[in-house]
Amino acid sequence: MPTDRAARRSSLLPPAGPQRTLAAAQLASAVGDGAYYTCSALYFTRVVGMSPTALGLGLAIGWALGSVAAVPLGHLADRRGPRRTAVVLGLAAAAVVVAFLVIRSYPSFLLAVCLYATAQSGLTAARQALVAGLVPPGERTGLLAHLQSTLNGGLAVGAAVGGIALSVGTRAAYLGAFVVTTIGLLVGALVLRRLPEVPPAAQESGAGPRLAVLRDRRYAAVTLVNAVLLLRMPLLSLVIPLWIAQRAPGIGWLGSALFVLNTLAVLAFQVRAARDVTGLDSAARAVRSAGVLLLACCAVFGLSALDVPVWAVGALLVVASVLQVAGEMRQSAGSWQIGFDLAPPDRIGQYQGFFGTGVAVARTLGPLLLTALLLDGGLAGWLVLGGVFLAAGFAMGPVARWAERDRGHALSPSAPVASAATATPVGTGTAGTAAEAA
């Protein structure tokens with residue numbers, strides 16, 4: 001019995017040491033993020049008095065700027081050290097949330113949201129660089145699976161806090177949720193200080209442009225294919241609630257239930273879904289299987305457009321959501337491995353910052369594209385989207401192999417990736433410290 005309990009515990013928690021410290025920092029920040037994302041929109045519209053259009057425009061501008069800033073901030077993490085950079089950016093994000101408490105004008109809001117999105121985007125890139133510096137290459141995907149599971153758990157707790165603020169509905173309640181966000185970001189930044197410092201990447205003269213990723217067409221192609229697969233992101237948060245409201249308004253509550261189902265499934269099964277992803281080939285297989293699952297998911301979602309009873313609509317949506325989260329977990333695991341394996345070891349931060357722009361693209365363009373395609377297109381629209389997912393899933397392998405070509409020096413066991421992982425202080429606890437985002 002103790003052995004079974006220990007096995008279950010090890011599957012839920014990463015090994016002790018830097019890996020678990022990274023997970024603790026992720027958990028604290030995620031609780032804060034969950035509180036912020038749940039109630040920020042209603043705070044700015046109901047309390048501050050901002051129009052939904054102005055709010056949406058400001059958020060779009062902020063996150064667009066943040067995605068652009070992720071590359072230079074990732075480069076900064078490479079050159080100045082990812083731990084130091086991550087701590088500073090975490091503290092900066094907390095300071096901006098404090099500023100939200102006193103903002104009353106739109107120009108101030110626009111400046112603050114741009115700073116917040118920039119700090120958060122750079123923090124994600126710096127954390128990825130920390131993972132690369134503290135964890136051997138073959139074990140990074142396993143840690144990122146733990147971090148994704150931790151992220152979902154923290155977001156759920158934070159969302160519960162935000163939900164309390166929403167139910168109370170007073171300015172003080174909203175501000176209390178923002179205080180929770182500030183504390184979460186502060187604790188996350190301070191926990192990161194417990195990690196060993198990763199030495200900055202060596203700067204070699206004549207090594208190419210400083211922001212080399214902006215000229216790397218092969219890595220850009222991989223990022224583009226991944227961005228297409230990330231169009232799955234607005235499905236449960238936006239499209240499905242609207243779809244239910246249009247097709248079966250009597251079960252509108254099901255949209256929230258499916259979102260909770262997704263969160264709990266990732267929390268419970270993401271680590272298991274990533275267990276067999278250890279290299280570029282296994283990652284490509286994972287993304288290919290994700291394309292098949294997402295096609296099946298879209299087909300089942302589309303069947304709910306047919307003239308069937310309400311209970312059948314609900315059943316189809318549940319089955320489709322299960323297929324969607326299975327595809328999501330496989331796609332996440334494969335893309336994490338590919339994004340790391342194809343990045344030069346001395347430029348992990350800037351490359352991860354660029355790879356993360358796929359999330360911004362999906363969040364910005366996804367709602368517009370998917371609502372037009374699916375809400376108006378019905379079953380045919382769902383099948384078109386499923387075909388796009390299938391094509392992207394099967395394209396990832398060839399595109400990743402094309403990007404890998406001529407990079408043997410960067411991916412070989414004797415290259416700096418491997419030596420950096422073993423030269424860092426991780427070696428002080430090798431049995432428990434070997435091991436994304438956003």
# chains A, B, ... in the order shown; residues from 1 in each chain; ligands from 1
call {"tool": "select_by_dssp", "arguments": {"residues": "stretch 146-391 of chain A", "states": "helix (DSSP H, G or I)", "output": "ChimeraX atom specification"}}
result
/A:146-168,171-192,212-215,217-247,249-251,254-273,280-303,310-341,345-355,357-391
call {"tool": "residues_around", "arguments": {"residues": "A:Val71", "least_positions_apart": "4", "cutoff": "10 Å", "atoms": "only C-alpha atoms", "output": "ChimeraX atom specification"}}
result
/A:66-67,75-77,121-122,125,211-214,349-357
call {"tool": "write_last_selection", "arguments": {"atoms": "N, CA, C and O atoms", "output": "PDB file, in the first residue's frame"}}
result
ATOM      1  N   GLY A  66       2.792  42.355 -26.360  1.00  0.00           N
ATOM      2  CA  GLY A  66       3.470  41.383 -25.509  1.00  0.00           C
ATOM      3  C   GLY A  66       4.080  40.245 -26.297  1.00  0.00           C
ATOM      4  O   GLY A  66       5.199  39.795 -26.007  1.00  0.00           O
ATOM      5  N   SER A  67       3.365  39.765 -27.323  1.00  0.00           N
ATOM      6  CA  SER A  67       3.911  38.673 -28.135  1.00  0.00           C
ATOM      7  C   SER A  67       5.142  39.117 -28.905  1.00  0.00           C
ATOM      8  O   SER A  67       6.086  38.341 -29.086  1.00  0.00           O
ATOM      9  N   HIS A  75      15.617  36.858 -25.365  1.00  0.00           N
ATOM     10  CA  HIS A  75      17.043  37.089 -25.633  1.00  0.00           C
ATOM     11  C   HIS A  75      17.730  37.651 -24.387  1.00  0.00           C
ATOM     12  O   HIS A  75      18.859  37.261 -24.063  1.00  0.00           O
ATOM     13  N   LEU A  76      17.041  38.546 -23.687  1.00  0.00           N
ATOM     14  CA  LEU A  76      17.593  39.092 -22.444  1.00  0.00           C
ATOM     15  C   LEU A  76      17.824  37.986 -21.426  1.00  0.00           C
ATOM     16  O   LEU A  76      18.854  37.975 -20.719  1.00  0.00           O
ATOM     17  N   ALA A  77      16.874  37.043 -21.332  1.00  0.00           N
ATOM     18  CA  ALA A  77      17.044  35.915 -20.411  1.00  0.00           C
ATOM     19  C   ALA A  77      18.247  35.071 -20.791  1.00  0.00           C
ATOM     20  O   ALA A  77      18.983  34.578 -19.923  1.00  0.00           O
ATOM     21  N   SER A 121       4.442  37.796 -21.087  1.00  0.00           N
ATOM     22  CA  SER A 121       5.017  37.093 -22.240  1.00  0.00           C
ATOM     23  C   SER A 121       6.501  36.843 -22.029  1.00  0.00           C
ATOM     24  O   SER A 121       7.020  35.755 -22.314  1.00  0.00           O
ATOM     25  N   GLY A 122       7.217  37.847 -21.539  1.00  0.00           N
ATOM     26  CA  GLY A 122       8.641  37.668 -21.263  1.00  0.00           C
ATOM     27  C   GLY A 122       8.888  36.671 -20.154  1.00  0.00           C
ATOM     28  O   GLY A 122       9.849  35.890 -20.195  1.00  0.00           O
ATOM     29  N   ALA A 125       8.771  33.138 -21.541  1.00  0.00           N
ATOM     30  CA  ALA A 125      10.004  32.796 -22.258  1.00  0.00           C
ATOM     31  C   ALA A 125      11.149  32.545 -21.285  1.00  0.00           C
ATOM     32  O   ALA A 125      11.946  31.606 -21.468  1.00  0.00           O
ATOM     33  N   LEU A 211      19.019  38.627 -32.659  1.00  0.00           N
ATOM     34  CA  LEU A 211      17.705  37.992 -32.627  1.00  0.00           C
ATOM     35  C   LEU A 211      17.594  37.054 -33.817  1.00  0.00           C
ATOM     36  O   LEU A 211      16.807  37.264 -34.748  1.00  0.00           O
ATOM     37  N   ALA A 212      18.393  35.989 -33.767  1.00  0.00           N
ATOM     38  CA  ALA A 212      18.520  35.086 -34.916  1.00  0.00           C
ATOM     39  C   ALA A 212      17.204  34.414 -35.272  1.00  0.00           C
ATOM     40  O   ALA A 212      16.971  34.067 -36.429  1.00  0.00           O
ATOM     41  N   VAL A 213      16.315  34.229 -34.286  1.00  0.00           N
ATOM     42  CA  VAL A 213      15.067  33.528 -34.562  1.00  0.00           C
ATOM     43  C   VAL A 213      14.215  34.267 -35.597  1.00  0.00           C
ATOM     44  O   VAL A 213      13.444  33.646 -36.332  1.00  0.00           O
ATOM     45  N   LEU A 214      14.373  35.581 -35.680  1.00  0.00           N
ATOM     46  CA  LEU A 214      13.579  36.353 -36.631  1.00  0.00           C
ATOM     47  C   LEU A 214      13.988  36.085 -38.073  1.00  0.00           C
ATOM     48  O   LEU A 214      13.255  36.442 -39.000  1.00  0.00           O
ATOM     49  N   GLY A 349      15.827  31.138 -24.843  1.00  0.00           N
ATOM     50  CA  GLY A 349      14.868  32.146 -24.424  1.00  0.00           C
ATOM     51  C   GLY A 349      14.195  32.832 -25.595  1.00  0.00           C
ATOM     52  O   GLY A 349      12.964  32.916 -25.658  1.00  0.00           O
ATOM     53  N   GLN A 350      14.996  33.332 -26.539  1.00  0.00           N
ATOM     54  CA  GLN A 350      14.389  34.047 -27.666  1.00  0.00           C
ATOM     55  C   GLN A 350      13.601  33.105 -28.567  1.00  0.00           C
ATOM     56  O   GLN A 350      12.551  33.479 -29.100  1.00  0.00           O
ATOM     57  N   TYR A 351      14.072  31.868 -28.735  1.00  0.00           N
ATOM     58  CA  TYR A 351      13.336  30.919 -29.569  1.00  0.00           C
ATOM     59  C   TYR A 351      12.020  30.516 -28.912  1.00  0.00           C
ATOM     60  O   TYR A 351      10.989  30.388 -29.582  1.00  0.00           O
ATOM     61  N   GLN A 352      12.022  30.314 -27.597  1.00  0.00           N
ATOM     62  CA  GLN A 352      10.777  29.988 -26.907  1.00  0.00           C
ATOM     63  C   GLN A 352       9.827  31.181 -26.899  1.00  0.00           C
ATOM     64  O   GLN A 352       8.613  31.018 -26.968  1.00  0.00           O
ATOM     65  N   GLY A 353      10.394  32.384 -26.819  1.00  0.00           N
ATOM     66  CA  GLY A 353       9.554  33.566 -26.916  1.00  0.00           C
ATOM     67  C   GLY A 353       8.855  33.635 -28.260  1.00  0.00           C
ATOM     68  O   GLY A 353       7.663  33.963 -28.342  1.00  0.00           O
ATOM     69  N   PHE A 354       9.576  33.291 -29.328  1.00  0.00           N
ATOM     70  CA  PHE A 354       8.978  33.297 -30.662  1.00  0.00           C
ATOM     71  C   PHE A 354       7.953  32.174 -30.803  1.00  0.00           C
ATOM     72  O   PHE A 354       6.869  32.378 -31.359  1.00  0.00           O
ATOM     73  N   PHE A 355       8.291  30.992 -30.308  1.00  0.00           N
ATOM     74  CA  PHE A 355       7.374  29.850 -30.400  1.00  0.00           C
ATOM     75  C   PHE A 355       6.061  30.153 -29.682  1.00  0.00           C
ATOM     76  O   PHE A 355       4.985  29.730 -30.122  1.00  0.00           O
ATOM     77  N   GLY A 356       6.157  30.915 -28.593  1.00  0.00           N
ATOM     78  CA  GLY A 356       4.966  31.252 -27.829  1.00  0.00           C
ATOM     79  C   GLY A 356       4.047  32.242 -28.514  1.00  0.00           C
ATOM     80  O   GLY A 356       2.894  32.426 -28.082  1.00  0.00           O
ATOM     81  N   THR A 357       4.512  32.883 -29.594  1.00  0.00           N
ATOM     82  CA  THR A 357       3.625  33.808 -30.308  1.00  0.00           C
ATOM     83  C   THR A 357       2.461  33.072 -30.959  1.00  0.00           C
ATOM     84  O   THR A 357       1.445  33.690 -31.284  1.00  0.00           O
TER      85      THR A 357
END
call {"tool": "atom_distance", "arguments": {"atom1": "atom CA of A:Val308", "atom2": "atom CA of A:Leu254"}}
result
16.8 Å
call {"tool": "residues_around", "arguments": {"residues": "A:Leu144", "least_positions_apart": "4", "cutoff": "10 Å", "atoms": "only C-alpha atoms", "output": "VMD selection string"}}
result
chain A and resid 14 19 22 to 23 128 131 139 to 140 148 to 150 270 to 271 274 332 to 333 336 to 337 435 to 437
call {"tool": "write_last_selection", "arguments": {"atoms": "N, CA, C and O atoms", "output": "tab-separated table (two decimals), in the first residue's frame"}}
result
chain	number	residue	atom	x	y	z
A	14	PRO	N	6.32	16.56	-9.63
A	14	PRO	CA	7.65	16.37	-10.23
A	14	PRO	C	8.66	16.02	-9.15
A	14	PRO	O	8.39	16.22	-7.95
A	19	GLN	N	12.89	21.02	-10.10
A	19	GLN	CA	11.64	20.75	-10.81
A	19	GLN	C	10.43	21.09	-9.93
A	19	GLN	O	9.47	21.72	-10.39
A	22	LEU	N	10.07	24.84	-9.53
A	22	LEU	CA	9.42	25.44	-10.70
A	22	LEU	C	7.91	25.22	-10.65
A	22	LEU	O	7.12	26.12	-10.98
A	23	ALA	N	7.48	24.04	-10.23
A	23	ALA	CA	6.06	23.76	-10.15
A	23	ALA	C	5.39	24.61	-9.07
A	23	ALA	O	4.26	25.09	-9.26
A	128	GLN	N	10.81	29.15	-19.65
A	128	GLN	CA	11.21	28.08	-20.56
A	128	GLN	C	12.73	27.97	-20.63
A	128	GLN	O	13.29	26.87	-20.70
A	131	VAL	N	13.84	26.10	-17.60
A	131	VAL	CA	13.65	24.66	-17.78
A	131	VAL	C	14.78	24.07	-18.60
A	131	VAL	O	15.36	23.03	-18.27
A	139	GLU	N	14.16	15.03	-20.64
A	139	GLU	CA	13.19	15.02	-19.53
A	139	GLU	C	12.39	16.31	-19.43
A	139	GLU	O	11.58	16.47	-18.52
A	140	ARG	N	12.61	17.22	-20.36
A	140	ARG	CA	11.92	18.51	-20.26
A	140	ARG	C	10.42	18.38	-20.49
A	140	ARG	O	9.63	19.02	-19.80
A	148	GLN	N	2.07	22.04	-16.71
A	148	GLN	CA	0.75	22.30	-17.30
A	148	GLN	C	-0.35	21.82	-16.37
A	148	GLN	O	-1.38	22.50	-16.20
A	149	SER	N	-0.15	20.66	-15.76
A	149	SER	CA	-1.13	20.16	-14.80
A	149	SER	C	-1.24	21.11	-13.60
A	149	SER	O	-2.34	21.43	-13.14
A	150	THR	N	-0.08	21.57	-13.12
A	150	THR	CA	-0.07	22.51	-12.01
A	150	THR	C	-0.76	23.81	-12.40
A	150	THR	O	-1.50	24.40	-11.60
A	270	GLN	N	-2.41	14.93	-18.04
A	270	GLN	CA	-1.40	15.51	-18.92
A	270	GLN	C	-0.04	14.84	-18.78
A	270	GLN	O	0.65	14.59	-19.78
A	271	VAL	N	0.36	14.53	-17.56
A	271	VAL	CA	1.66	13.88	-17.35
A	271	VAL	C	1.69	12.53	-18.04
A	271	VAL	O	2.67	12.18	-18.72
A	274	ALA	N	2.06	12.72	-21.83
A	274	ALA	CA	3.37	13.15	-22.32
A	274	ALA	C	4.48	12.14	-22.04
A	274	ALA	O	5.63	12.36	-22.41
A	332	SER	N	0.01	19.33	-27.04
A	332	SER	CA	0.85	20.09	-26.12
A	332	SER	C	2.17	19.37	-25.88
A	332	SER	O	3.24	19.97	-25.98
A	333	ALA	N	2.09	18.08	-25.57
A	333	ALA	CA	3.31	17.31	-25.29
A	333	ALA	C	4.26	17.32	-26.48
A	333	ALA	O	5.46	17.54	-26.34
A	336	TRP	N	5.80	20.94	-27.15
A	336	TRP	CA	6.83	21.32	-26.19
A	336	TRP	C	8.18	20.74	-26.60
A	336	TRP	O	9.20	21.44	-26.62
A	337	GLN	N	8.19	19.45	-26.89
A	337	GLN	CA	9.44	18.78	-27.25
A	337	GLN	C	10.02	19.38	-28.53
A	337	GLN	O	11.22	19.64	-28.61
A	435	ALA	N	14.30	16.77	-15.04
A	435	ALA	CA	12.91	16.89	-15.48
A	435	ALA	C	12.75	16.33	-16.87
A	435	ALA	O	12.05	16.87	-17.67
A	436	GLU	N	5.25	23.72	-19.34
A	436	GLU	CA	5.42	24.08	-20.62
A	436	GLU	C	5.57	23.19	-19.98
A	436	GLU	O	3.92	22.59	-19.26
A	437	ALA	N	3.58	26.46	-20.47
A	437	ALA	CA	3.12	27.21	-20.40
A	437	ALA	C	2.49	27.97	-20.36
A	437	ALA	O	2.94	26.14	-21.15
call {"tool": "residues_around", "arguments": {"residues": "A:Leu373", "least_positions_apart": "5", "cutoff": "8 Å", "atoms": "only C-alpha atoms", "output": "ChimeraX atom specification"}}
result
/A:378,381-382
call {"tool": "write_last_selection", "arguments": {"atoms": "N, CA, C and O atoms", "output": "PDB file, in the first residue's frame"}}
result
ATOM      1  N   GLY A 378     -22.030  25.380 -39.643  1.00  0.00           N
ATOM      2  CA  GLY A 378     -22.620  24.147 -39.150  1.00  0.00           C
ATOM      3  C   GLY A 378     -21.699  22.944 -39.321  1.00  0.00           C
ATOM      4  O   GLY A 378     -20.476  23.047 -39.152  1.00  0.00           O
ATOM      5  N   GLY A 381     -18.741  23.404 -41.648  1.00  0.00           N
ATOM      6  CA  GLY A 381     -17.681  24.213 -41.059  1.00  0.00           C
ATOM      7  C   GLY A 381     -16.830  23.419 -40.092  1.00  0.00           C
ATOM      8  O   GLY A 381     -15.586  23.531 -40.085  1.00  0.00           O
ATOM      9  N   TRP A 382     -17.483  22.586 -39.268  1.00  0.00           N
ATOM     10  CA  TRP A 382     -16.730  21.743 -38.332  1.00  0.00           C
ATOM     11  C   TRP A 382     -15.821  20.764 -39.079  1.00  0.00           C
ATOM     12  O   TRP A 382     -14.678  20.530 -38.660  1.00  0.00           O
TER      13      TRP A 382
END
call {"tool": "residues_around", "arguments": {"residues": "stretch 40-47 of chain A", "least_positions_apart": "5", "cutoff": "8 Å", "atoms": "only C-alpha atoms", "output": "JSON, numbers by chain"}}
result
{"A": [52, 55, 171, 174]}
call {"tool": "write_last_selection", "arguments": {"atoms": "N, CA, C and O atoms", "output": "CSV table (one decimal), in the first residue's frame"}}
result
chain,number,residue,atom,x,y,z
A,52,PRO,N,-17.2,47.6,-23.5
A,52,PRO,CA,-16.6,46.3,-23.9
A,52,PRO,C,-15.7,46.4,-25.2
A,52,PRO,O,-14.7,45.7,-25.3
A,55,LEU,N,-12.4,47.9,-24.1
A,55,LEU,CA,-11.7,46.9,-23.3
A,55,LEU,C,-11.0,45.9,-24.3
A,55,LEU,O,-9.9,45.5,-24.2
A,171,ARG,N,-17.0,46.8,-5.6
A,171,ARG,CA,-15.6,47.2,-6.0
A,171,ARG,C,-14.6,46.6,-5.1
A,171,ARG,O,-13.5,46.1,-5.5
A,174,TYR,N,-13.8,43.0,-6.1
A,174,TYR,CA,-13.0,42.9,-7.3
A,174,TYR,C,-11.5,43.3,-6.9
A,174,TYR,O,-10.6,42.6,-7.3
call {"tool": "residues_around", "arguments": {"residues": "A:Ile348", "least_positions_apart": "3", "cutoff": "8 Å", "atoms": "only C-alpha atoms", "output": "VMD selection string"}}
result
chain A and resid 74 78 128 to 129 132 340 343 to 345 351 to 352
call {"tool": "write_last_selection", "arguments": {"atoms": "all heavy atoms", "output": "mmCIF file, in the first residue's frame"}}
result
data_model
loop_
_atom_site.group_PDB
_atom_site.id
_atom_site.type_symbol
_atom_site.label_atom_id
_atom_site.label_comp_id
_atom_site.auth_asym_id
_atom_site.auth_seq_id
_atom_site.Cartn_x
_atom_site.Cartn_y
_atom_site.Cartn_z
ATOM 1 N N GLY A 74 13.112 37.225 -24.211
ATOM 2 C CA GLY A 74 13.737 35.907 -24.166
ATOM 3 C C GLY A 74 15.224 35.988 -24.429
ATOM 4 O O GLY A 74 16.034 35.285 -23.804
ATOM 5 N N ASP A 78 18.472 34.884 -22.087
ATOM 6 C CA ASP A 78 19.639 34.124 -22.538
ATOM 7 C C ASP A 78 20.934 34.803 -22.128
ATOM 8 O O ASP A 78 21.898 34.141 -21.728
ATOM 9 C CB ASP A 78 19.614 33.967 -24.065
ATOM 10 C CG ASP A 78 18.479 33.075 -24.546
ATOM 11 O OD1 ASP A 78 18.075 32.167 -23.793
ATOM 12 O OD2 ASP A 78 18.015 33.296 -25.681
ATOM 13 N N GLN A 128 10.813 29.149 -19.649
ATOM 14 C CA GLN A 128 11.210 28.078 -20.563
ATOM 15 C C GLN A 128 12.734 27.970 -20.627
ATOM 16 O O GLN A 128 13.285 26.866 -20.695
ATOM 17 C CB GLN A 128 10.638 28.336 -21.956
ATOM 18 C CG GLN A 128 9.115 28.385 -22.021
ATOM 19 C CD GLN A 128 8.474 27.042 -21.738
ATOM 20 O OE1 GLN A 128 8.408 26.604 -20.597
ATOM 21 N NE2 GLN A 128 7.994 26.394 -22.777
ATOM 22 N N ALA A 129 13.411 29.113 -20.629
ATOM 23 C CA ALA A 129 14.873 29.083 -20.613
ATOM 24 C C ALA A 129 15.391 28.469 -19.317
ATOM 25 O O ALA A 129 16.422 27.780 -19.306
ATOM 26 C CB ALA A 129 15.428 30.496 -20.802
ATOM 27 N N ALA A 132 15.150 24.761 -19.686
ATOM 28 C CA ALA A 132 16.219 24.264 -20.550
ATOM 29 C C ALA A 132 17.554 24.227 -19.821
ATOM 30 O O ALA A 132 18.374 23.331 -20.049
ATOM 31 C CB ALA A 132 16.333 25.144 -21.793
ATOM 32 N N PHE A 340 11.586 22.910 -28.072
ATOM 33 C CA PHE A 340 12.880 22.884 -27.411
ATOM 34 C C PHE A 340 13.962 22.264 -28.299
ATOM 35 O O PHE A 340 15.069 22.789 -28.411
ATOM 36 C CB PHE A 340 12.802 22.096 -26.100
ATOM 37 C CG PHE A 340 12.422 22.935 -24.913
ATOM 38 C CD1 PHE A 340 11.253 22.701 -24.215
ATOM 39 C CD2 PHE A 340 13.242 23.962 -24.488
ATOM 40 C CE1 PHE A 340 10.900 23.467 -23.131
ATOM 41 C CE2 PHE A 340 12.903 24.733 -23.390
ATOM 42 C CZ PHE A 340 11.728 24.492 -22.702
ATOM 43 N N ALA A 343 15.496 24.512 -31.012
ATOM 44 C CA ALA A 343 16.077 25.793 -30.616
ATOM 45 C C ALA A 343 17.563 25.632 -30.320
ATOM 46 O O ALA A 343 17.959 24.693 -29.630
ATOM 47 C CB ALA A 343 15.358 26.329 -29.387
ATOM 48 N N PRO A 344 18.424 26.529 -30.832
ATOM 49 C CA PRO A 344 19.847 26.473 -30.488
ATOM 50 C C PRO A 344 20.027 26.589 -28.981
ATOM 51 O O PRO A 344 19.316 27.366 -28.325
ATOM 52 C CB PRO A 344 20.434 27.698 -31.214
ATOM 53 C CG PRO A 344 19.477 27.991 -32.310
ATOM 54 C CD PRO A 344 18.120 27.617 -31.774
ATOM 55 N N PRO A 345 20.941 25.844 -28.395
ATOM 56 C CA PRO A 345 21.071 25.802 -26.938
ATOM 57 C C PRO A 345 21.432 27.128 -26.302
ATOM 58 O O PRO A 345 21.147 27.344 -25.131
ATOM 59 C CB PRO A 345 22.174 24.755 -26.720
ATOM 60 C CG PRO A 345 22.911 24.683 -28.008
ATOM 61 C CD PRO A 345 21.900 24.950 -29.070
ATOM 62 N N TYR A 351 14.072 31.868 -28.735
ATOM 63 C CA TYR A 351 13.336 30.919 -29.569
ATOM 64 C C TYR A 351 12.020 30.516 -28.912
ATOM 65 O O TYR A 351 10.989 30.388 -29.582
ATOM 66 C CB TYR A 351 14.193 29.687 -29.866
ATOM 67 C CG TYR A 351 15.004 29.829 -31.137
ATOM 68 C CD1 TYR A 351 16.062 30.723 -31.222
ATOM 69 C CD2 TYR A 351 14.706 29.085 -32.268
ATOM 70 C CE1 TYR A 351 16.809 30.876 -32.391
ATOM 71 C CE2 TYR A 351 15.428 29.223 -33.445
ATOM 72 C CZ TYR A 351 16.480 30.121 -33.496
ATOM 73 O OH TYR A 351 17.190 30.269 -34.667
ATOM 74 N N GLN A 352 12.022 30.314 -27.597
ATOM 75 C CA GLN A 352 10.777 29.988 -26.907
ATOM 76 C C GLN A 352 9.827 31.181 -26.899
ATOM 77 O O GLN A 352 8.613 31.018 -26.968
ATOM 78 C CB GLN A 352 11.072 29.525 -25.482
ATOM 79 C CG GLN A 352 11.610 28.106 -25.388
ATOM 80 C CD GLN A 352 10.610 27.082 -25.886
ATOM 81 O OE1 GLN A 352 9.468 27.058 -25.466
ATOM 82 N NE2 GLN A 352 11.049 26.219 -26.794
#
call {"tool": "residues_around", "arguments": {"residues": "A:Arg247", "least_positions_apart": "4", "cutoff": "9 Å", "atoms": "only C-alpha atoms", "output": "PyMOL selection string"}}
result
chain A and resi 242-243+304-305+310+313
call {"tool": "closest_residue", "arguments": {"among": "A:Leu155, A:Leu316, A:Leu123, A:Ile61", "to": "A:Leu110", "atoms": "only C-alpha atoms"}}
result
A:Ile61
call {"tool": "closest_residue", "arguments": {"among": "A:Leu267, A:Val325, A:Leu229, A:Val361", "to": "A:Ala391", "atoms": "only C-alpha atoms"}}
result
A:Leu229
call {"tool": "atom_distance", "arguments": {"atom1": "atom CA of A:Ala165", "atom2": "atom CA of A:Thr182"}}
result
15.2 Å
call {"tool": "closest_residue", "arguments": {"among": "A:Leu111, A:Ala400, A:Leu101, A:Arg275", "to": "A:Ala172", "atoms": "only C-alpha atoms"}}
result
A:Leu101
call {"tool": "atom_distance", "arguments": {"atom1": "atom CA of A:Val277", "atom2": "atom CA of A:Glu328"}}
result
14.3 Å
call {"tool": "closest_residue", "arguments": {"among": "A:Arg20, A:Ala380, A:Val318, A:Gly138", "to": "A:Leu306", "atoms": "only C-alpha atoms"}}
result
A:Ala380
call {"tool": "closest_residue", "arguments": {"among": "A:Gly397, A:Pro82, A:Pro367, A:Gly386", "to": "A:Ser335", "atoms": "only C-alpha atoms"}}
result
A:Gly397
call {"tool": "decode", "arguments": {"residues": "stretch 297-307 of chain A", "atoms": "N, CA, C and O atoms", "output": "compact mmCIF listing (two decimals), in the first residue's frame"}}
result
# COMPACT_ATOMS: atom_id res chain seq x y z
N CYS A 297 -12.92 14.98 -32.98
CA CYS A 297 -13.63 15.91 -32.10
C CYS A 297 -14.52 16.85 -32.90
O CYS A 297 -15.70 17.05 -32.57
N CYS A 298 -13.97 17.43 -33.98
CA CYS A 298 -14.76 18.36 -34.79
C CYS A 298 -15.94 17.65 -35.46
O CYS A 298 -17.03 18.22 -35.58
N ALA A 299 -15.71 16.43 -35.91
CA ALA A 299 -16.79 15.69 -36.55
C ALA A 299 -17.95 15.45 -35.58
O ALA A 299 -19.12 15.62 -35.93
N VAL A 300 -17.62 15.08 -34.34
CA VAL A 300 -18.67 14.84 -33.35
C VAL A 300 -19.35 16.15 -32.95
O VAL A 300 -20.58 16.21 -32.80
N PHE A 301 -18.56 17.22 -32.77
CA PHE A 301 -19.17 18.52 -32.50
C PHE A 301 -20.15 18.87 -33.63
O PHE A 301 -21.26 19.36 -33.40
N GLY A 302 -19.74 18.63 -34.87
CA GLY A 302 -20.57 18.97 -36.00
C GLY A 302 -21.87 18.19 -36.04
O GLY A 302 -22.91 18.70 -36.50
N LEU A 303 -21.85 16.94 -35.58
CA LEU A 303 -23.07 16.13 -35.59
C LEU A 303 -24.17 16.75 -34.71
O LEU A 303 -25.36 16.50 -34.93
N SER A 304 -23.75 17.56 -33.72
CA SER A 304 -24.76 18.19 -32.86
C SER A 304 -25.54 19.26 -33.61
O SER A 304 -26.52 19.79 -33.07
N ALA A 305 -25.13 19.60 -34.84
CA ALA A 305 -25.88 20.55 -35.65
C ALA A 305 -27.08 19.89 -36.33
O ALA A 305 -27.96 20.59 -36.85
N LEU A 306 -27.14 18.56 -36.32
CA LEU A 306 -28.23 17.86 -36.98
C LEU A 306 -29.51 17.95 -36.13
O LEU A 306 -29.47 18.35 -34.97
N ASP A 307 -30.61 17.57 -36.71
CA ASP A 307 -31.90 17.64 -36.04
C ASP A 307 -32.04 16.45 -35.10
O ASP A 307 -32.61 15.41 -35.44
